[in-house]
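Pasting final_5.txt here (compact mmCIF, C-alpha atoms):
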# COMPACT_ATOMS: atom_id res chain seq x y z
CA MET V 247 -18.33 11.68 7.94
CA LYS V 248 -17.51 7.97 8.34
CA LYS V 249 -14.96 6.55 5.91
CA ASP V 250 -15.38 3.49 3.68
CA ILE V 251 -12.41 1.56 5.09
CA THR V 252 -10.09 2.06 8.07
CA ILE V 253 -6.43 1.03 7.80
CA ILE V 254 -4.22 0.72 10.91
CA GLY V 255 -0.44 0.37 10.85
CA GLY V 256 2.89 1.77 9.73
CA SER V 257 3.89 4.60 7.40
CA VAL V 258 7.55 4.83 6.40
CA ILE V 259 10.06 6.25 3.97
CA ASP V 260 11.75 3.64 1.76
CA VAL V 261 15.18 4.23 0.22
CA LEU V 262 15.26 1.77 -2.68
CA ALA V 263 18.31 0.43 -4.52
CA SER V 264 17.88 -1.93 -7.48
CA PRO V 265 19.33 -4.31 -8.47
CA VAL V 266 21.85 -5.07 -5.73
CA ALA V 267 24.02 -8.20 -5.48
CA PRO V 268 25.84 -9.64 -2.45
CA ASP V 269 29.05 -8.35 -4.04
CA VAL V 270 28.42 -5.01 -2.36
CA PHE V 271 29.65 -6.50 0.92
CA ARG V 272 32.89 -7.62 -0.73
CA THR V 273 33.65 -4.63 -2.98
CA GLY V 274 32.48 -1.86 -0.68
CA SER V 275 30.40 -0.21 -3.42
CA PHE V 276 28.00 -1.37 -6.12
CA PRO V 277 26.59 0.33 -9.26
CA ALA V 278 22.83 -0.10 -8.78
CA LYS V 279 20.73 0.85 -11.79
CA GLU V 280 18.23 2.79 -9.70
CA ILE V 281 18.46 4.43 -6.27
CA ARG V 282 15.60 6.60 -5.07
CA LEU V 283 13.39 7.66 -2.22
CA SER V 284 9.89 6.20 -2.06
CA PHE V 285 7.10 5.67 0.46
CA GLY V 286 6.01 2.49 2.19
CA GLY V 287 4.73 0.86 5.32
CA ASP V 288 1.95 -1.71 5.29
CA ALA V 289 -0.85 0.67 6.27
CA LEU V 290 0.26 3.57 4.08
CA ASN V 291 0.58 1.25 1.08
CA GLU V 292 -2.91 -0.20 1.58
CA ALA V 293 -4.46 3.21 2.17
CA VAL V 294 -2.85 4.81 -0.90
CA VAL V 295 -3.93 2.00 -3.22
CA LEU V 296 -7.48 2.01 -1.85
CA SER V 297 -7.64 5.79 -2.32
CA ARG V 298 -6.50 5.37 -5.93
CA PHE V 299 -9.29 2.83 -6.30
CA GLY V 300 -11.79 5.47 -5.22
CA ARG V 301 -12.31 4.53 -1.58
CA ASP V 302 -12.53 7.11 1.23
CA VAL V 303 -9.96 5.81 3.71
CA GLN V 304 -9.24 6.49 7.38
CA LEU V 305 -5.51 5.96 7.99
CA ILE V 306 -4.48 5.42 11.63
CA SER V 307 -0.68 5.57 11.81
CA LYS V 308 2.23 7.23 13.60
CA ILE V 309 5.17 9.30 12.33
CA GLY V 310 7.79 11.53 13.90
CA GLN V 311 7.89 15.33 13.92
CA ASP V 312 10.78 15.47 11.47
CA GLU V 313 11.60 15.91 7.78
CA ALA V 314 10.75 12.30 6.89
CA GLY V 315 7.40 12.66 8.65
CA ALA V 316 6.67 15.88 6.77
CA ARG V 317 7.36 14.11 3.48
CA ILE V 318 4.92 11.35 4.42
CA LEU V 319 2.24 13.91 5.29
CA SER V 320 2.72 15.51 1.85
CA PHE V 321 2.47 12.09 0.18
CA ILE V 322 -0.72 11.36 2.13
CA LYS V 323 -2.26 14.62 0.91
CA GLU V 324 -1.13 14.05 -2.68
CA ASN V 325 -2.96 10.73 -2.68
CA GLY V 326 -6.29 12.11 -1.49
CA LEU V 327 -6.00 10.86 2.08
CA SER V 328 -6.68 12.69 5.32
CA SER V 329 -3.93 12.89 7.97
CA GLU V 330 -6.50 13.56 10.71
CA SER V 331 -5.87 10.16 12.37
CA VAL V 332 -2.09 10.15 11.82
CA ILE V 333 -0.27 10.74 15.11
CA VAL V 334 2.76 13.06 14.85
CA GLU V 335 4.98 12.36 17.85
CA SER V 336 7.73 14.74 18.95
CA GLY V 337 10.97 13.01 19.90
CA THR V 338 10.27 9.95 17.71
CA ASP V 339 12.19 9.29 14.49
CA THR V 340 9.97 8.58 11.49
CA SER V 341 10.78 5.08 10.28
CA VAL V 342 13.11 4.99 7.26
CA ASN V 343 13.83 1.63 5.61
CA ILE V 344 16.72 0.82 3.30
CA VAL V 345 15.42 -1.65 0.72
CA LEU V 346 17.96 -3.66 -1.30
CA ILE V 347 16.32 -5.33 -4.30
CA ASP V 348 18.11 -8.25 -5.94
CA GLY V 349 18.13 -9.27 -9.61
CA GLN V 350 14.96 -11.35 -9.20
CA GLY V 351 12.99 -8.48 -7.69
CA GLU V 352 13.11 -9.87 -4.14
CA ARG V 353 13.65 -7.25 -1.46
CA HIS V 354 15.83 -7.21 1.65
CA PHE V 355 15.13 -4.63 4.39
CA ILE V 356 17.36 -2.73 6.77
CA THR V 357 15.04 -1.24 9.41
CA ASN V 358 15.13 0.91 12.53
CA PRO V 359 13.69 -1.09 15.45
CA PHE V 360 13.04 2.16 17.35
CA GLY V 361 11.34 4.13 14.56
CA SER V 362 7.76 5.37 14.48
CA GLN V 363 6.20 2.26 12.94
CA ARG V 364 7.46 0.24 15.94
CA ARG V 365 5.90 2.73 18.38
CA LEU V 366 2.23 2.63 17.33
CA SER V 367 0.32 1.56 20.44
CA LYS V 368 -3.12 0.45 21.57
CA GLU V 369 -3.49 3.83 23.28
CA ASP V 370 -2.92 5.58 19.94
CA ILE V 371 -5.66 3.54 18.24
CA MET V 372 -8.40 3.04 20.84
CA PRO V 373 -9.68 6.66 20.73
CA HIS V 374 -10.61 6.08 17.06
CA VAL V 375 -12.60 2.86 17.54
CA GLU V 376 -16.01 4.56 17.51
CA THR V 377 -15.29 6.41 14.26
CA MET V 378 -13.79 3.44 12.39
CA ALA V 379 -15.39 2.26 9.16
CA ASP V 380 -17.46 -0.89 8.77
CA ILE V 381 -14.37 -2.54 7.22
CA VAL V 382 -11.19 -2.30 9.31
CA SER V 383 -7.77 -3.60 8.29
CA PHE V 384 -5.08 -4.09 10.93
CA ALA V 385 -2.26 -4.01 8.43
CA SER V 386 0.44 -6.00 10.21
CA ILE V 387 0.51 -8.21 13.25
CA PHE V 388 4.05 -8.27 14.80
CA VAL V 389 5.20 -4.89 13.44
CA SER V 390 5.02 -2.71 16.56
CA SER V 391 6.55 -3.81 19.84
CA LYS V 392 3.97 -1.59 21.55
CA LEU V 393 1.19 -3.80 20.16
CA ASP V 394 1.90 -7.10 21.85
CA ILE V 395 -0.53 -10.02 21.70
CA LYS V 396 -2.49 -8.90 24.77
CA ALA V 397 -2.85 -5.36 23.40
CA MET V 398 -3.97 -6.64 20.00
CA GLU V 399 -6.56 -8.91 21.61
CA GLU V 400 -8.01 -5.98 23.57
CA LEU V 401 -7.99 -3.79 20.45
CA PHE V 402 -9.59 -6.43 18.22
CA ARG V 403 -12.28 -7.09 20.81
CA ALA V 404 -13.13 -3.36 20.94
CA ILE V 405 -13.22 -3.09 17.14
CA LYS V 406 -15.59 -6.05 16.86
CA GLU V 407 -17.99 -4.74 19.50
CA LYS V 408 -19.80 -2.91 16.72
CA PRO V 409 -22.24 -5.41 15.13
CA GLY V 410 -21.47 -6.21 11.50
CA ARG V 411 -18.04 -4.60 11.46
CA ILE V 412 -15.52 -6.61 9.41
CA LEU V 413 -11.95 -6.98 10.71
CA ALA V 414 -9.15 -8.03 8.36
CA ALA V 415 -5.57 -8.54 9.53
CA ASP V 416 -2.25 -8.99 7.76
CA MET V 417 1.05 -9.90 9.35
CA THR V 418 4.79 -9.85 9.03
CA LYS V 419 7.20 -12.50 10.28
CA ALA V 420 6.99 -13.29 13.99
CA LYS V 421 9.97 -11.70 15.72
CA ASN V 422 10.10 -13.34 19.13
CA GLY V 423 9.41 -17.01 18.51
CA GLU V 424 5.63 -16.65 18.72
CA THR V 425 3.50 -19.64 17.70
CA LEU V 426 -0.07 -19.81 16.50
CA GLU V 427 -1.13 -20.97 19.95
CA ASP V 428 -0.01 -17.60 21.31
CA LEU V 429 -2.59 -15.94 19.06
CA TYR V 430 -5.56 -18.12 20.02
CA GLY V 431 -7.15 -15.33 22.07
CA LEU V 432 -7.29 -12.85 19.19
CA LEU V 433 -7.85 -15.05 16.11
CA PRO V 434 -11.63 -15.51 16.65
CA TYR V 435 -12.10 -11.74 16.25
CA ILE V 436 -10.57 -11.81 12.76
CA ASP V 437 -12.89 -12.21 9.78
CA TYR V 438 -10.16 -12.27 7.12
CA ILE V 439 -6.48 -13.00 7.81
CA LEU V 440 -3.97 -12.49 4.97
CA PRO V 441 -0.49 -13.86 5.78
CA ASN V 442 1.93 -15.04 3.13
CA GLU V 443 2.93 -18.69 3.11
CA GLU V 444 6.26 -18.09 4.86
CA GLU V 445 4.77 -15.94 7.63
CA ILE V 446 2.12 -18.49 8.59
CA ALA V 447 4.58 -21.40 8.31
CA LEU V 448 6.77 -19.74 10.94
CA LEU V 449 3.80 -19.74 13.33
CA THR V 450 2.56 -23.28 12.73
CA GLY V 451 5.71 -25.23 11.81
CA GLU V 452 3.71 -26.55 8.83
CA ASP V 453 4.89 -25.80 5.26
CA ASP V 454 1.72 -26.65 3.33
CA PRO V 455 -0.46 -23.51 2.75
CA GLY V 456 -3.61 -25.63 2.50
CA LYS V 457 -2.97 -27.23 5.85
CA ASN V 458 -2.12 -23.86 7.39
CA ALA V 459 -5.39 -22.39 6.12
CA GLU V 460 -7.24 -25.27 7.80
CA ILE V 461 -5.34 -24.65 11.04
CA LEU V 462 -6.35 -20.97 10.98
CA ILE V 463 -10.01 -21.83 10.47
CA GLU V 464 -9.88 -24.35 13.31
CA ALA V 465 -8.36 -21.60 15.50
CA GLY V 466 -11.39 -19.38 14.95
CA VAL V 467 -10.64 -17.20 11.90
CA SER V 468 -13.64 -16.91 9.58
CA CYS V 469 -11.63 -16.79 6.33
CA ALA V 470 -7.94 -17.52 5.72
CA VAL V 471 -6.31 -15.97 2.65
CA ILE V 472 -2.77 -17.29 2.15
CA LYS V 473 -0.62 -15.27 -0.26
CA CYS V 474 1.59 -17.62 -2.27
CA GLY V 475 3.59 -15.25 -4.50
CA THR V 476 3.96 -16.53 -8.05
CA LYS V 477 1.52 -19.34 -7.20
CA GLY V 478 -1.29 -16.89 -6.47
CA CYS V 479 -3.33 -17.35 -3.32
CA LEU V 480 -5.38 -19.88 -1.40
CA ILE V 481 -8.70 -18.92 0.23
CA ARG V 482 -10.29 -21.12 2.88
CA THR V 483 -13.46 -20.87 4.95
CA LYS V 484 -15.13 -23.58 7.00
CA ASP V 485 -17.04 -24.79 3.94
CA GLU V 486 -15.12 -23.45 0.93
CA LEU V 487 -11.66 -23.76 -0.63
CA TYR V 488 -10.39 -21.78 -3.60
CA ARG V 489 -6.98 -21.74 -5.26
CA ILE V 490 -6.50 -18.57 -7.31
CA PRO V 491 -3.61 -18.43 -9.81
CA ALA V 492 -1.31 -15.42 -9.98
CA TYR V 493 -1.45 -13.11 -12.97
CA GLU V 494 1.76 -13.80 -14.87
CA VAL V 495 4.01 -10.83 -15.50
CA GLU V 496 6.88 -10.60 -17.97
CA HIS V 497 9.32 -8.81 -15.67
CA CYS V 498 9.17 -8.76 -11.87
CA VAL V 499 11.41 -5.86 -10.89
CA ASP V 500 10.44 -5.26 -7.24
CA THR V 501 8.22 -7.24 -4.86
CA THR V 502 8.23 -4.43 -2.27
CA GLY V 503 4.62 -3.75 -1.27
CA ALA V 504 3.16 -6.55 -3.38
CA GLY V 505 1.50 -8.14 -0.34
CA ASP V 506 0.06 -4.77 0.74
CA CYS V 507 -1.30 -4.13 -2.76
CA PHE V 508 -2.81 -7.63 -2.67
CA ALA V 509 -4.49 -6.80 0.65
CA ALA V 510 -5.79 -3.48 -0.69
CA GLY V 511 -7.17 -5.24 -3.76
CA PHE V 512 -8.88 -7.86 -1.62
CA LEU V 513 -10.42 -5.20 0.64
CA TRP V 514 -11.66 -3.14 -2.31
CA ALA V 515 -13.29 -6.17 -3.92
CA LEU V 516 -14.79 -7.17 -0.59
CA SER V 517 -16.28 -3.69 -0.19
CA GLU V 518 -17.81 -4.08 -3.66
CA GLY V 519 -19.57 -7.29 -2.64
CA TYR V 520 -17.44 -9.55 -4.84
CA SER V 521 -17.42 -13.30 -4.24
CA LEU V 522 -14.37 -14.78 -2.51
CA PRO V 523 -12.86 -16.10 -5.78
CA GLN V 524 -13.36 -12.69 -7.38
CA CYS V 525 -11.77 -10.98 -4.36
CA GLY V 526 -8.76 -13.29 -4.75
CA GLN V 527 -8.53 -12.63 -8.47
CA PHE V 528 -8.63 -8.87 -8.06
CA ALA V 529 -6.08 -9.04 -5.24
CA CYS V 530 -3.70 -11.09 -7.40
CA ALA V 531 -4.22 -8.65 -10.27
CA ALA V 532 -3.35 -5.66 -8.07
CA ALA V 533 -0.22 -7.42 -6.75
CA SER V 534 0.90 -8.22 -10.31
CA CYS V 535 0.77 -4.51 -11.21
CA ALA V 536 2.85 -3.68 -8.12
CA VAL V 537 5.81 -5.93 -8.98
CA GLU V 538 6.31 -4.41 -12.43
CA ARG V 539 7.57 -1.09 -11.01
CA VAL V 540 10.17 -0.18 -8.40
CA GLY V 541 8.39 1.12 -5.31
CA ALA V 542 5.63 -0.26 -3.14
CA THR V 543 2.65 1.39 -4.87
CA ASP V 544 4.09 2.92 -8.04
CA GLY V 545 2.66 0.19 -10.26
CA VAL V 546 -0.93 0.52 -9.02
CA VAL V 547 -2.26 3.84 -10.25
CA SER V 548 -6.00 3.21 -10.83
CA LEU V 549 -8.68 0.52 -11.06
CA GLU V 550 -8.36 0.12 -14.81
CA GLU V 551 -5.40 -2.26 -15.18
CA PRO V 552 -6.12 -4.48 -12.14
CA MET V 553 -9.72 -4.80 -13.35
CA ARG V 554 -8.57 -5.87 -16.82
CA ARG V 555 -6.21 -8.44 -15.34
CA ARG V 556 -8.88 -9.80 -12.99
CA LYS V 557 -11.17 -10.44 -15.92
CA ASN V 558 -8.36 -12.34 -17.65
CA LEU V 559 -7.91 -14.51 -14.54
CA GLU V 560 -11.66 -15.12 -14.40
CA ASN V 561 -11.63 -16.29 -18.00

Structure translated into structure tokens:
Amino acid sequence: MKKDITIIGGSVIDVLASPVAPDVFRTGSFPAKEIRLSFGGDALNEAVVLSRFGRDVQLISKIGQDEAGARILSFIKENGLSSESVIVESGTDTSVNIVLIDGQGERHFITNPFGSQRRLSKEDIMPHVETMADIVSFASIFVSSKLDIKAMEELFRAIKEKPGRILAADMTKAKNGETLEDLYGLLPYIDYILPNEEEIALLTGEDDPGKNAEILIEAGVSCAVIKCGTKGCLIRTKDELYRIPAYEVEHCVDTTGAGDCFAAGFLWALSEGYSLPQCGQFACAAASCAVERVGATDGVVSLEEPMRRRKNLEN
């Protein structure tokens, strides 16, 4: 049976330490208040949150045939997701990230460039194109070295061959000096693109989120959604512009996964037929829940609290 939403991207183990100060590199050790194992990866985070919101999700990801991979499979099952489209690859290490969280809740990653999330390829994904949902989220441009710009263009073209299928795409920071011009071939296939303000600025050389949203629309994207952290988000189409404020939280303890929870919130609202401002409000509400707990998805447990916060933003 076809799923409601398809999510494509990485699934990882996160080892979180909070709060951590730069002193650790001087003293050799540091008494963090909390150190624990969690789960992350852009696609896994989006899929878990959407499942908690009641959506039937197809997760297309890759892990290794090891203990970390087995833990991720258990987490997938615990959260009501199927692992049917998760590739388990022998000889590949499941990606494990060390996440150092500072006193302001900002996170700093130590990653394995050869782990499973960097090895997801076009060949892994293409066999699933026919069975993908009517809403597809490619959870992070620039994450896997196996998915270069040419491969993404071919993949996006195949996904969009089905009439009416919606393609959303998120991104991480460009790793090899890529510019927006390098992406011109694939951007017209994207209906909704969801970078944060720093990620898109690295591609355009332009700091203003409003200007960057305009540049994305001119490059062929149907709708640009720029995540602006504590300033909320900016949504731009050819004819519309919305600035959505963030939901203010008392204590931001960990921003890990906040952007993924935002994306999941936006996709859920989109699947419900919400207007663009309402999609932005719900996305900001979901992200605000995420930052109040350590761990990428620990703060987003159901629809109830994000829905309450969205209504407050609407009012």

Inset, instruction - Identify, on the basis of only C-alpha atoms, every residue whose closest approach to stretch 346-361 of chain V does not exceed 7 Å; exclude the query and any residue fewer than 5 positions from it along the same chain; express the result as a PyMOL selection string. - result: chain V and resi 262-267+338-341+498-502

Contacts of stretch 530-541 of chain V within 6 Å, all atoms listed in the file, excl. fewer than 2 positions in-chain, as a short mmCIF file (atom, residue, chain, number, x, y, z; two decimals) with C-alpha atoms, keeping the file's coordinate frame:
data_model
loop_
_atom_site.label_atom_id
_atom_site.label_comp_id
_atom_site.auth_asym_id
_atom_site.auth_seq_id
_atom_site.Cartn_x
_atom_site.Cartn_y
_atom_site.Cartn_z
CA ALA V 492 -1.31 -15.42 -9.98
CA TYR V 493 -1.45 -13.11 -12.97
CA CYS V 498 9.17 -8.76 -11.87
CA VAL V 499 11.41 -5.86 -10.89
CA ASP V 500 10.44 -5.26 -7.24
CA THR V 501 8.22 -7.24 -4.86
CA ALA V 504 3.16 -6.55 -3.38
CA CYS V 507 -1.30 -4.13 -2.76
CA PHE V 508 -2.81 -7.63 -2.67
CA GLY V 511 -7.17 -5.24 -3.76
CA GLN V 527 -8.53 -12.63 -8.47
CA PHE V 528 -8.63 -8.87 -8.06
CA THR V 543 2.65 1.39 -4.87
CA ASP V 544 4.09 2.92 -8.04
CA GLY V 545 2.66 0.19 -10.26
CA VAL V 546 -0.93 0.52 -9.02
CA PRO V 552 -6.12 -4.48 -12.14
CA ARG V 555 -6.21 -8.44 -15.34
CA ARG V 556 -8.88 -9.80 -12.99
#

Inset, instruction - Tell me, in Å to one decimal, how far atom CA of V:Asn561 is from atom CA of V:Pro523. - result: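 Computing it gives 12.3 Å between the two atoms.
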
Inset, instruction - Take atom CA of V:Asp250 and atom CA of V:Glu292 and report the distance between them in Å, one decimal. - result: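 Distance reported for this atom pair: 13.2 Å.
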
Legend entry - One-decimal distance in Å that lies between atom CA of V:Ile387 and atom CA of V:Thr418: 6.2 Å

Inset, instruction - Skip stretch 424-436 of chain V itself and residues of its chain fewer than 3 positions away, then list as a PyMOL selection string all residues within 10 Å of it, counting all atoms listed in the file. - result: chain V and resi 383-384+388+395-407+412-415+419-421+439+446-451+461-470

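The shortest atom-to-atom distance to V:Met372, with all atoms listed in the file taken into account, belongs to V:Ser331 out of V:Asn343, V:Asn458, V:Thr483, V:Ser331.
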
Legend entry - For V:Val342, the nearest of the candidates V:Leu516, V:Leu480, V:Leu393, V:Val258, counting only C-alpha atoms: V:Val258

Inset, instruction - Return the single residue from V:Glu369, V:Asp269, V:Glu443, V:Glu486 that is closest to V:Ile472, with distances computed using all atoms listed in the file. - result: V:Glu443

Legend entry - Nearest candidate to V:Asp312 (options V:Val334, V:Leu366, V:Leu487, V:Val547; using only C-alpha atoms): V:Val334

Legend entry - Nearest to V:Ile381 by atom-to-atom distance, counting only C-alpha atoms, from V:Ala529, V:Leu559, V:Val495, V:Ile251: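 For V:Ile381, the nearest of the given residues is V:Ile251.
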
Inset, instruction - Could you please give me, as a ChimeraX atom specification, the residues of protein, DNA or RNA lying at most 9 Å from (2.4, -17.6, 3.2) in the coordinate frame of the file, considering only C-alpha atoms? - result: /V:440-447,453,455,458,471-475,479

Just write the chosen residues, C-alpha atoms, as a PDB file, in the frame of the given file.
ATOM      1  CA  LEU V 440      -3.970 -12.490   4.970  1.00  0.00           C
ATOM      2  CA  PRO V 441      -0.490 -13.860   5.780  1.00  0.00           C
ATOM      3  CA  ASN V 442       1.930 -15.040   3.130  1.00  0.00           C
ATOM      4  CA  GLU V 443       2.930 -18.690   3.110  1.00  0.00           C
ATOM      5  CA  GLU V 444       6.260 -18.090   4.860  1.00  0.00           C
ATOM      6  CA  GLU V 445       4.770 -15.940   7.630  1.00  0.00           C
ATOM      7  CA  ILE V 446       2.120 -18.490   8.590  1.00  0.00           C
ATOM      8  CA  ALA V 447       4.580 -21.400   8.310  1.00  0.00           C
ATOM      9  CA  ASP V 453       4.890 -25.800   5.260  1.00  0.00           C
ATOM     10  CA  PRO V 455      -0.460 -23.510   2.750  1.00  0.00           C
ATOM     11  CA  ASN V 458      -2.120 -23.860   7.390  1.00  0.00           C
ATOM     12  CA  VAL V 471      -6.310 -15.970   2.650  1.00  0.00           C
ATOM     13  CA  ILE V 472      -2.770 -17.290   2.150  1.00  0.00           C
ATOM     14  CA  LYS V 473      -0.620 -15.270  -0.260  1.00  0.00           C
ATOM     15  CA  CYS V 474       1.590 -17.620  -2.270  1.00  0.00           C
ATOM     16  CA  GLY V 475       3.590 -15.250  -4.500  1.00  0.00           C
ATOM     17  CA  CYS V 479      -3.330 -17.350  -3.320  1.00  0.00           C
TER      18      CYS V 479
END
